[in-house]
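As stored in data.txt (compact mmCIF, C-alpha atoms):
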# COMPACT_ATOMS: atom_id res chain seq x y z
CA ILE A 1 -26.04 -14.77 24.22
CA LEU A 2 -24.74 -14.90 20.65
CA GLN A 3 -26.77 -18.01 19.74
CA ILE A 4 -23.70 -19.76 18.33
CA LYS A 5 -21.48 -22.67 19.35
CA PRO A 6 -18.56 -22.01 21.74
CA GLU A 7 -16.07 -23.22 19.14
CA GLU A 8 -17.32 -20.48 16.81
CA VAL A 9 -16.10 -17.79 19.20
CA LEU A 10 -12.52 -16.56 18.67
CA ILE A 11 -10.83 -14.66 21.49
CA GLU A 12 -8.24 -11.89 21.32
CA SER A 13 -6.66 -10.48 24.44
CA THR A 14 -4.06 -7.92 25.46
CA GLY A 15 -3.02 -6.10 28.61
CA VAL A 16 -0.34 -6.08 31.27
CA ILE A 17 1.56 -9.37 31.18
CA GLY A 18 0.58 -11.73 34.00
CA GLN A 19 -2.54 -9.86 35.08
CA ARG A 20 -5.73 -11.87 34.63
CA ILE A 21 -8.83 -10.55 32.91
CA LYS A 22 -11.48 -9.29 35.33
CA LYS A 23 -13.81 -12.11 34.38
CA GLU A 24 -16.91 -11.04 36.32
CA ALA A 25 -16.79 -7.53 34.90
CA LEU A 26 -16.37 -8.96 31.41
CA LEU A 27 -19.24 -11.45 31.72
CA SER A 28 -21.64 -8.90 33.22
CA SER A 29 -20.94 -6.53 30.33
CA LEU A 30 -21.52 -9.05 27.54
CA PRO A 31 -25.32 -8.61 27.22
CA ARG A 32 -24.96 -4.84 26.82
CA LEU A 33 -22.12 -5.27 24.32
CA VAL A 34 -24.04 -7.82 22.26
CA ASN A 35 -27.13 -5.62 22.20
CA SER A 36 -25.07 -2.70 20.93
CA LEU A 37 -23.65 -4.64 17.96
CA SER A 38 -24.31 -2.85 14.69
CA PRO A 39 -23.27 -3.35 11.03
CA SER A 40 -23.14 0.44 10.61
CA ILE A 41 -20.03 2.52 10.06
CA GLN A 42 -20.52 3.94 13.55
CA GLY A 43 -20.60 0.39 14.95
CA ALA A 44 -17.37 -0.47 13.15
CA ASP A 45 -15.69 2.70 14.39
CA SER A 46 -16.85 1.99 17.96
CA ALA A 47 -15.30 -1.49 17.82
CA ALA A 48 -12.00 -0.08 16.52
CA VAL A 49 -11.91 2.43 19.38
CA ALA A 50 -12.92 -0.17 21.99
CA ILE A 51 -9.85 -2.36 21.40
CA THR A 52 -7.32 0.46 21.85
CA THR A 53 -5.08 0.67 24.93
CA THR A 54 -2.10 3.04 24.84
CA ASP A 55 -2.99 3.83 21.21
CA LEU A 56 -3.45 7.52 20.52
CA VAL A 57 -5.78 6.78 17.60
CA SER A 58 -7.99 3.93 16.43
CA LYS A 59 -6.90 2.04 13.33
CA SER A 60 -9.19 0.84 10.55
CA VAL A 61 -8.98 0.40 6.78
CA ALA A 62 -11.55 -0.54 4.12
CA ILE A 63 -11.19 -0.89 0.36
CA GLU A 64 -13.43 -1.93 -2.55
CA PHE A 65 -12.14 -3.24 -5.87
CA GLU A 66 -13.02 -5.68 -8.63
CA VAL A 67 -11.97 -9.31 -8.82
CA GLY A 68 -13.17 -11.26 -11.85
CA GLY A 69 -15.71 -8.57 -12.66
CA THR A 70 -17.24 -8.67 -9.17
CA SER A 71 -16.95 -5.89 -6.60
CA ILE A 72 -15.02 -7.17 -3.56
CA ARG A 73 -14.63 -5.51 -0.18
CA ILE A 74 -11.87 -5.98 2.37
CA GLY A 75 -11.91 -4.23 5.72
CA GLY A 76 -9.99 -4.43 8.94
CA MET A 77 -9.21 -2.93 12.31
CA ALA A 78 -6.20 -3.27 14.57
CA LYS A 79 -4.70 -2.00 17.80
CA GLY A 80 -1.10 -1.61 18.80
CA SER A 81 1.35 1.05 19.94
CA GLY A 82 4.03 -0.48 22.14
CA MET A 83 5.75 -3.88 22.38
CA ILE A 84 5.66 -4.00 18.59
CA HIS A 85 8.18 -6.20 16.81
CA PRO A 86 8.09 -9.27 14.52
CA ASN A 87 6.46 -11.68 14.99
CA MET A 88 3.59 -9.21 15.18
CA ALA A 89 3.92 -8.31 18.89
CA THR A 90 1.32 -6.65 21.14
CA MET A 91 -1.22 -6.10 18.45
CA LEU A 92 -4.68 -7.37 17.65
CA GLY A 93 -6.15 -7.39 14.17
CA VAL A 94 -9.40 -8.47 12.52
CA ILE A 95 -9.74 -8.62 8.74
CA THR A 96 -12.93 -9.39 6.79
CA THR A 97 -13.74 -9.86 3.11
CA ASP A 98 -16.81 -10.89 1.16
CA ALA A 99 -14.69 -12.68 -1.47
CA LEU A 100 -15.42 -16.34 -2.21
CA VAL A 101 -12.13 -18.13 -1.60
CA GLU A 102 -11.21 -21.66 -0.52
CA SER A 103 -10.18 -21.75 3.15
CA ASP A 104 -6.72 -23.24 2.52
CA VAL A 105 -6.00 -20.63 -0.13
CA TRP A 106 -7.29 -17.83 2.11
CA ARG A 107 -5.09 -19.06 4.96
CA LYS A 108 -2.01 -18.92 2.71
CA MET A 109 -2.95 -15.45 1.50
CA VAL A 110 -3.27 -14.22 5.06
CA GLN A 111 0.14 -15.66 5.95
CA VAL A 112 1.74 -13.93 2.95
CA ALA A 113 0.05 -10.62 3.77
CA VAL A 114 1.09 -10.82 7.43
CA SER A 115 4.70 -11.46 6.38
CA ARG A 116 4.58 -8.28 4.30
CA SER A 117 2.86 -6.13 6.89
CA PHE A 118 2.51 -6.91 10.60
CA ASN A 119 5.75 -8.90 10.60
CA GLN A 120 7.54 -5.96 9.00
CA ILE A 121 6.87 -3.39 11.72
CA THR A 122 8.76 -2.55 14.87
CA VAL A 123 8.42 0.10 17.56
CA ASP A 124 10.72 -1.02 20.34
CA GLY A 125 12.14 -4.48 19.60
CA ASP A 126 9.88 -6.18 22.16
CA THR A 127 7.54 -8.99 21.18
CA SER A 128 4.47 -10.01 23.13
CA THR A 129 2.84 -13.02 24.71
CA ASN A 130 -0.49 -12.59 22.96
CA ASP A 131 -0.65 -11.17 19.46
CA THR A 132 -3.41 -12.21 17.06
CA VAL A 133 -4.65 -11.56 13.55
CA ILE A 134 -7.97 -13.15 12.56
CA ALA A 135 -9.18 -13.04 8.96
CA PHE A 136 -12.67 -14.01 7.78
CA ALA A 137 -13.86 -14.61 4.20
CA SER A 138 -17.66 -14.83 3.90
CA GLY A 139 -18.08 -15.38 0.15
CA LEU A 140 -21.15 -13.12 0.18
CA ALA A 141 -19.97 -11.10 -2.82
CA GLY A 142 -20.83 -14.04 -5.07
CA SER A 143 -17.55 -13.76 -6.94
CA ASN A 144 -15.79 -16.55 -8.78
CA TRP A 145 -14.57 -19.19 -6.35
CA ILE A 146 -10.83 -18.79 -5.88
CA THR A 147 -9.31 -22.24 -5.45
CA SER A 148 -5.65 -21.66 -6.29
CA MET A 149 -2.96 -19.23 -5.22
CA ASN A 150 -1.69 -19.22 -8.82
CA SER A 151 -4.81 -17.74 -10.43
CA TYR A 152 -5.14 -14.16 -11.66
CA ASP A 153 -8.09 -13.55 -9.33
CA ALA A 154 -6.02 -14.80 -6.38
CA ALA A 155 -3.25 -12.35 -7.27
CA LEU A 156 -5.76 -9.49 -7.31
CA LEU A 157 -7.21 -10.52 -3.95
CA GLN A 158 -3.70 -10.87 -2.51
CA THR A 159 -2.86 -7.34 -3.63
CA GLY A 160 -5.95 -5.98 -1.89
CA LEU A 161 -5.27 -7.98 1.27
CA ASP A 162 -1.65 -6.78 1.32
CA ALA A 163 -2.82 -3.17 0.99
CA VAL A 164 -5.27 -3.44 3.91
CA MET A 165 -2.82 -5.17 6.23
CA GLN A 166 0.03 -2.82 5.32
CA GLY A 167 -2.22 0.16 5.93
CA LEU A 168 -3.05 -1.12 9.40
CA ALA A 169 0.58 -2.09 10.10
CA LYS A 170 1.86 1.35 9.10
CA SER A 171 -0.72 3.03 11.32
CA ILE A 172 0.55 0.96 14.27
CA ALA A 173 4.16 2.00 13.65
CA TRP A 174 3.08 5.62 13.09
CA ASP A 175 1.30 5.51 16.45
CA GLY A 176 4.29 3.99 18.27
CA GLU A 177 4.54 5.03 21.89
CA GLY A 178 6.23 8.42 22.09
CA ALA A 179 6.86 8.54 18.34
CA THR A 180 7.05 11.79 16.39
CA CYS A 181 7.23 10.22 12.91
CA LEU A 182 6.92 7.03 10.89
CA ILE A 183 10.07 5.49 9.43
CA GLU A 184 9.66 3.60 6.16
CA VAL A 185 12.65 1.51 5.06
CA THR A 186 12.66 0.28 1.46
CA VAL A 187 15.24 -2.28 0.35
CA SER A 188 15.81 -3.29 -3.27
CA GLY A 189 18.34 -5.33 -5.22
CA ALA A 190 18.49 -8.26 -2.79
CA LYS A 191 18.48 -11.93 -3.80
CA GLY A 192 14.82 -12.33 -2.89
CA GLU A 193 11.92 -10.77 -0.99
CA ALA A 194 12.82 -12.53 2.27
CA GLU A 195 16.41 -11.25 2.16
CA ALA A 196 15.26 -7.71 1.41
CA GLY A 197 12.74 -7.96 4.24
CA ASN A 198 15.40 -9.01 6.74
CA ILE A 199 17.57 -6.02 5.87
CA ALA A 200 14.64 -3.61 6.01
CA ARG A 201 13.56 -4.94 9.43
CA SER A 202 17.11 -4.69 10.74
CA VAL A 203 17.34 -1.01 9.86
CA ALA A 204 13.83 -0.17 11.08
CA ALA A 205 14.54 -1.93 14.39
CA SER A 206 17.90 -0.29 15.08
CA SER A 207 17.72 1.77 18.26
CA LEU A 208 20.59 3.90 16.99
CA VAL A 209 18.85 4.63 13.69
CA LYS A 210 15.60 5.41 15.53
CA ALA A 211 17.40 7.71 17.99
CA ALA A 212 19.22 9.48 15.15
CA VAL A 213 15.90 10.16 13.42
CA TYR A 214 14.49 11.60 16.63
CA GLY A 215 17.63 13.74 17.01
CA ARG A 216 17.24 14.85 13.36
CA ASP A 217 20.73 13.51 12.68
CA PRO A 218 21.28 12.17 9.10
CA ASN A 219 23.68 9.49 10.33
CA TRP A 220 24.26 7.22 7.33
CA GLY A 221 26.75 5.09 9.28
CA ARG A 222 24.05 3.74 11.58
CA ILE A 223 21.88 2.83 8.60
CA ALA A 224 24.75 1.06 6.83
CA ALA A 225 25.71 -0.80 10.01
CA ALA A 226 22.16 -2.04 10.59
CA ALA A 227 21.93 -3.22 6.99
CA GLY A 228 25.27 -4.97 7.37
CA TYR A 229 24.43 -6.91 10.53
CA ALA A 230 21.08 -8.12 9.18
CA GLY A 231 22.68 -11.49 8.41
CA ILE A 232 22.17 -11.17 4.66
CA SER A 233 25.21 -11.34 2.40
CA PHE A 234 25.60 -8.58 -0.19
CA ASN A 235 28.47 -6.78 -1.91
CA LEU A 236 29.36 -3.68 0.08
CA ASN A 237 30.43 -1.96 -3.14
CA ASN A 238 26.79 -2.06 -4.27
CA LEU A 239 25.38 -0.37 -1.18
CA GLN A 240 23.38 2.78 -1.81
CA ILE A 241 21.50 4.78 0.85
CA LEU A 242 19.06 7.65 0.41
CA LEU A 243 17.31 9.71 3.05
CA GLY A 244 14.23 10.97 1.27
CA ASP A 245 15.67 12.13 -2.05
CA ILE A 246 19.10 12.93 -0.56
CA MET A 247 21.74 10.37 -1.44
CA LEU A 248 24.05 9.67 1.51
CA MET A 249 26.03 6.71 0.16
CA ASP A 250 26.65 5.18 -3.26
CA GLY A 251 28.87 2.36 -4.42
CA GLY A 252 29.59 1.54 -0.80
CA GLN A 253 31.17 4.96 -0.24
CA PRO A 254 29.85 7.96 1.73
CA LEU A 255 29.05 11.04 -0.33
CA GLU A 256 29.28 14.73 0.32
CA PHE A 257 25.71 15.90 0.96
CA ASP A 258 23.85 18.89 2.34
CA ARG A 259 23.62 18.00 6.03
CA THR A 260 21.39 20.98 6.77
CA ALA A 261 18.89 19.91 4.11
CA ALA A 262 18.96 16.33 5.36
CA SER A 263 18.44 17.44 8.94
CA ASN A 264 15.60 19.76 7.88
CA TYR A 265 13.96 16.81 6.12
CA LEU A 266 13.93 14.95 9.44
CA ILE A 267 12.77 18.03 11.35
CA LYS A 268 9.81 18.54 9.01
CA ALA A 269 8.76 14.89 9.35
CA GLY A 270 8.86 15.18 13.14
CA GLU A 271 6.93 18.46 13.23
CA THR A 272 4.11 17.05 11.07
CA HIS A 273 4.19 13.46 12.41
CA GLY A 274 5.01 12.55 8.84
CA THR A 275 7.13 9.85 7.22
CA VAL A 276 10.90 9.53 7.01
CA GLU A 277 11.85 7.48 3.95
CA ILE A 278 15.08 5.49 4.02
CA LYS A 279 15.87 3.80 0.70
CA ILE A 280 18.57 1.16 0.48
CA ALA A 281 19.85 -0.70 -2.58
CA VAL A 282 22.17 -3.68 -2.08
CA GLY A 283 22.63 -4.93 -5.64
CA ASP A 284 20.69 -5.70 -8.80
CA GLY A 285 18.67 -8.70 -7.63
CA PRO A 286 14.85 -8.92 -7.79
CA GLY A 287 14.35 -8.86 -4.01
CA PHE A 288 12.27 -5.95 -2.78
CA SER A 289 10.64 -5.30 0.59
CA LYS A 290 9.61 -2.63 3.05
CA ALA A 291 9.59 -2.34 6.82
CA TRP A 292 8.13 0.32 9.08
CA GLY A 293 9.14 1.69 12.44
CA CYS A 294 9.21 4.99 14.28
CA ASP A 295 11.70 7.20 16.02
CA LEU A 296 12.75 6.60 19.62
CA SER A 297 11.92 9.53 21.87
CA TYR A 298 12.22 10.43 25.55
CA ASP A 299 8.46 9.97 25.83
CA TYR A 300 8.75 6.25 25.03
CA VAL A 301 10.85 5.80 28.17
CA LYS A 302 8.41 7.87 30.25
CA ILE A 303 5.39 5.87 29.07
CA ASN A 304 6.97 2.49 29.76
CA ALA A 305 8.82 3.43 32.93
CA GLU A 306 5.52 4.30 34.59
CA TYR A 307 3.32 1.71 32.87
CA THR A 308 1.88 0.04 35.99
CA THR A 309 2.54 2.77 38.55
Rewritten as structure tokens:
Amino acid sequence: ILQIKPEEVLIESTGVIGQRIKKEALLSSLPRLVNSLSPSIQGADSAAVAITTTDLVSKSVAIEFEVGGTSIRIGGMAKGSGMIHPNMATMLGVITTDALVESDVWRKMVQVAVSRSFNQITVDGDTSTNDTVIAFASGLAGSNWITSMNSYDAALLQTGLDAVMQGLAKSIAWDGEGATCLIEVTVSGAKGEAEAGNIARSVAASSLVKAAVYGRDPNWGRIAAAAGYAGISFNLNNLQILLGDIMLMDGGQPLEFDRTAASNYLIKAGETHGTVEIKIAVGDGPGFSKAWGCDLSYDYVKINAEYTT
């Protein structure tokens, strides 16, 4: 049907665990699907919608920027809403670029970008049996050939790839099942990026932190506890926590703060399906990272309690 070799076809799949794909229905639909393929914006949007399941919205990102004086495009689409937790979880993603980059270098770039995006999101702490991110680089832009991760052009391309994948990852966390807001956890001052990432993921994944955000409760103790049990050593006396611009803890000690203002900050984020920013500093090291999650609502339980019934 596609006039290509079987080994050139890459498969992504999701659904209820243990239930087989309805193969005959899939095969009989392929001719119609292939005939409807289109390089148009409408075609891209249709594909992004087609892969959704419990998602409330489709998820796609596209950017254009210059690398070595040549205009480069990176685009992508993803699906995911529940069973979201590193490593990646129940999510599918497809990324494309027209940059000219050596396959081994591109593979490393994709791994780095995934570690900074899809592996830094969590909705419910559950991973999946079948998560996939596929990234294609066509070289059609005619840019300089990127052959090393250490080049300036590679750094520019990495920045663009990070931005696309993080945009898609954030949209997955924002669309978490039953969620009323996105939670963005920023950690600075750690020994390195990996250590900062572990702390950020620990806080974003905490059921108690997520429940407190849903309850509009500025509970700094839950944030500090989740940072502490992340398995990363840091000096407690350097711990600083902010909720938005409201400082809750500094120098490892809780501060007097306006609880009504802090609660209203959470209320506003929930009412607008906005973003709750939690900023944590653990020292003066160079390590910096972000993780994204969402609040934990009653609706999450309803959705997953009745998933197959």
Compile a residue-level contact table for segment 119-213 of chain A against segment 41-61 of chain A at a cut-off of 9 Å, reporting for every qualifying residue the shortest atom pair and its distance in Å to one decimal, with only C-alpha atoms counted, rows ordered by chain and ascending number, as a Markdown table.
| residue | atom | partner | partner_atom | distance |
| --- | --- | --- | --- | --- |
| A:Val164 | CA | A:Val61 | CA | 6.1 |
| A:Met165 | CA | A:Val61 | CA | 8.3 |
| A:Gly167 | CA | A:Val61 | CA | 6.8 |
| A:Leu168 | CA | A:Lys59 | CA | 6.3 |
| A:Ser171 | CA | A:Lys59 | CA | 6.6 |
| A:Ile172 | CA | A:Lys59 | CA | 7.6 |
| A:Asp175 | CA | A:Leu56 | CA | 6.6 |
| A:Gly176 | CA | A:Asp55 | CA | 7.9 |
| A:Glu177 | CA | A:Thr54 | CA | 7.5 |
All residues 9 Å or closer to Ser71 of chain A, only C-alpha atoms, same chain fewer than 5 positions away omitted, as a list in words: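 Returned residues: Glu64, Phe65, Glu66, Ala99, Ala141 and Ser143 of chain A.
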Proximity to Ile146 of chain A - best of A:Ile246, A:Ile134, A:Leu27, A:Met109, only C-alpha atoms: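 So, comparing all the options, the nearest one is A:Met109.
Nearest residue to Ile280 of chain A, choosing from A:Met247, A:Val213, A:Leu255, A:Ala155 and counting only C-alpha atoms: A:Met247.
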Counting all atoms listed in the file, write as a count of residues only all protein and nucleic acid residues lying at most 10 Å from (11.1, -4.6, 19.7) in the file's frame. 20
Atomic separation - atom CA of Leu182 of chain A relative to atom CA of Arg216 of chain A, Å: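 Atom CA of Leu182 of chain A lies at a distance of 13.2 Å from atom CA of Arg216 of chain A.
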Got a sec: who's within 8 Å of segment 101-105 of chain A, counting only C-alpha atoms, leaving out chain neighbours fewer than 6 positions off, as JSON, numbers by chain? {"A": [137, 139, 145, 146, 147, 148, 149]}
Could you give me, as a PyMOL selection string, the residues within 8 Å of segment 10-20 of chain A, counting all atoms listed in the file and dropping anything in the same chain fewer than 6 positions from it? chain A and resi 53+90-92+129-132
At a cut-off of 12 Å around the point (15.1, -5.5, -8.2) (file coordinates), what residues fall inside when counting only C-alpha atoms? I'd like the answer as a list in words.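 Final list of nearby residues, as requested, is Thr186, Val187, Ser188, Gly189, Ala190, Lys191, Gly192, Glu193, Glu195, Ala196, Ile280, Ala281, Val282, Gly283, Asp284, Gly285, Pro286, Gly287, Phe288 and Ser289 of chain A.
Taking atom CA of Ser117 of chain A and atom CA of Asp295 of chain A as the two end points, the separation is 18.4 Å.
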Using all atoms listed in the file, which residue out of A:Leu296, A:Ala230, A:Cys181, A:Val203 lies closest to Leu266 of chain A?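 Between A:Leu296, A:Ala230, A:Cys181, A:Val203, the residue approaching Leu266 of chain A most closely is A:Cys181.
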Would you compute the distance between atom CA of Asn198 of chain A and atom CA of Ala291 of chain A? Give it in Å to one decimal. 8.8 Å
Long-range neighbours of Arg222 of chain A as number ranges by chain, 9 Å cut-off, all atoms listed in the file, 2 positions minimum in chain: A: 203, 206, 208-209, 212, 219-220, 224-227
Can you work out which one of A:Phe136, A:Ala194, A:Pro254, A:Ala179 has the shortest atom-to-atom distance to Gly231 of chain A, counting all atoms listed in the file? A:Ala194
Smallest atom-to-atom distance to Phe257 of chain A: which of A:Val112, A:Ile74, A:Ala169, A:Leu243, using all atoms listed in the file? A:Leu243
Distance criterion (only C-alpha atoms): nearest to Leu2 of chain A out of A:Asn35, A:Gln158, A:Asn144, A:Asn119: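 The closest residue to Leu2 of chain A is A:Asn35.
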Nearby residues (only C-alpha atoms) at most 10 Å from Asn304 of chain A, same-chain spacing under 3 positions excluded, as a list in words: Gly82, Met83, Glu177, Gly178, Asp299, Tyr300, Val301, Tyr307, Thr308 and Thr309 of chain A
Test item: axis-aligned box, all listed atoms of segment 108-123 of chain A, 6 Å on each side, centre and edges in Å rounded to one decimal, as JSON:
{"center_x": 2.7, "center_y": -9.4, "center_z": 9.5, "size_x": 24.0, "size_y": 31.0, "size_z": 28.1}
